[in-house]
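In what follows, a single structure is set out as structure tokens and then discussed.
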Amino acid sequence: MKKILPLLLVALIAGLGGFMAYRLLPISTTSPPNDEPILAPELEMATLDGGRLALSDLRGKLVLVNFWATWCAPCLKEIPLLVEAQDSYASRGLQILGPAMDDPEQVRAMLGRLRIQYPILTGELSVSRAMDALGDTLGALPFSVLISADGQVIQRKHGEYERAELAELIEAHLPAQPPPP
């Protein structure tokens with residue numbers, strides 16, 4: 001018990017520090033009107049395997065950025081749909097990204113159960129900033145942003161997708177045939 005208490009105290013202090021940084025750092029949450037196309041901001045986050053991934057690395061693909069957490073029940077309900085969509089549409093140019101508002105170890109523990117095969121991004125502060133930069137106005141999860149192959153924000157959505165809604169959205173923005181290699 002004496003060994004666990006200091007660890008719990010460190011975790012509590014780190015969590016409070018992260019929360020305070022998220023709330024107090026000056027991050028713009030304004031977004032242009034929905035009828036104006038806007039270019040997605042330049043964002044780069046750490047991948048769960050220790051690499052880095054920038055949105056600009058994915059130009060030429062339809063990108064669905066889905067912010068989630070292991071403690072978010074609607075997120076966990078939605079993930080199987082996202083896994084299916086990645087499997088079904090990857091050959092036509094879809095790339096799903098899953099920035100996690102969570103401790104990387106908790107995320108790793110869930111990966112096998114969730115069968116996620118798309119990139120998971122981590123770093124609570126960088127993920128929070130990415131949510132804000134992509135137009136999150138509620139701070140709620142799940143939050144998804146669809147970005148066109150040329151980098152334009154197509155749609156923002158708070159809450160989980162339904163199967164038909166997600167398929168219709170993806171089909172509307174992907175070419176009928178896979179892009180040439």
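Letters A, B, ... mark the chains of the structure tokens in the order given; residue numbers begin at 1 per chain; ligand numbers begin at 1, in order shown.
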
Task: Exercise: Val107 in chain A partners within 12 Å, only C-alpha atoms, chain neighbours under 6 positions left out, as an NGL selection string - done: :A and (47-49 or 68-72 or 76 or 98-101 or 113-116 or 119-123)

TODO: Provide the CA of Ala164 in chain A to CA of Leu39 in chain A distance in Å, to one decimal place.
DONE: 26.8 Å

Open item on the list: I'd like the contact shell of Pro142 in chain A - 6 Å cut-off, only C-alpha atoms, skipping same-chain residues fewer than 6 positions apart - returned as a PyMOL selection string.
Closed with: chain A and resi 67-68+75+159
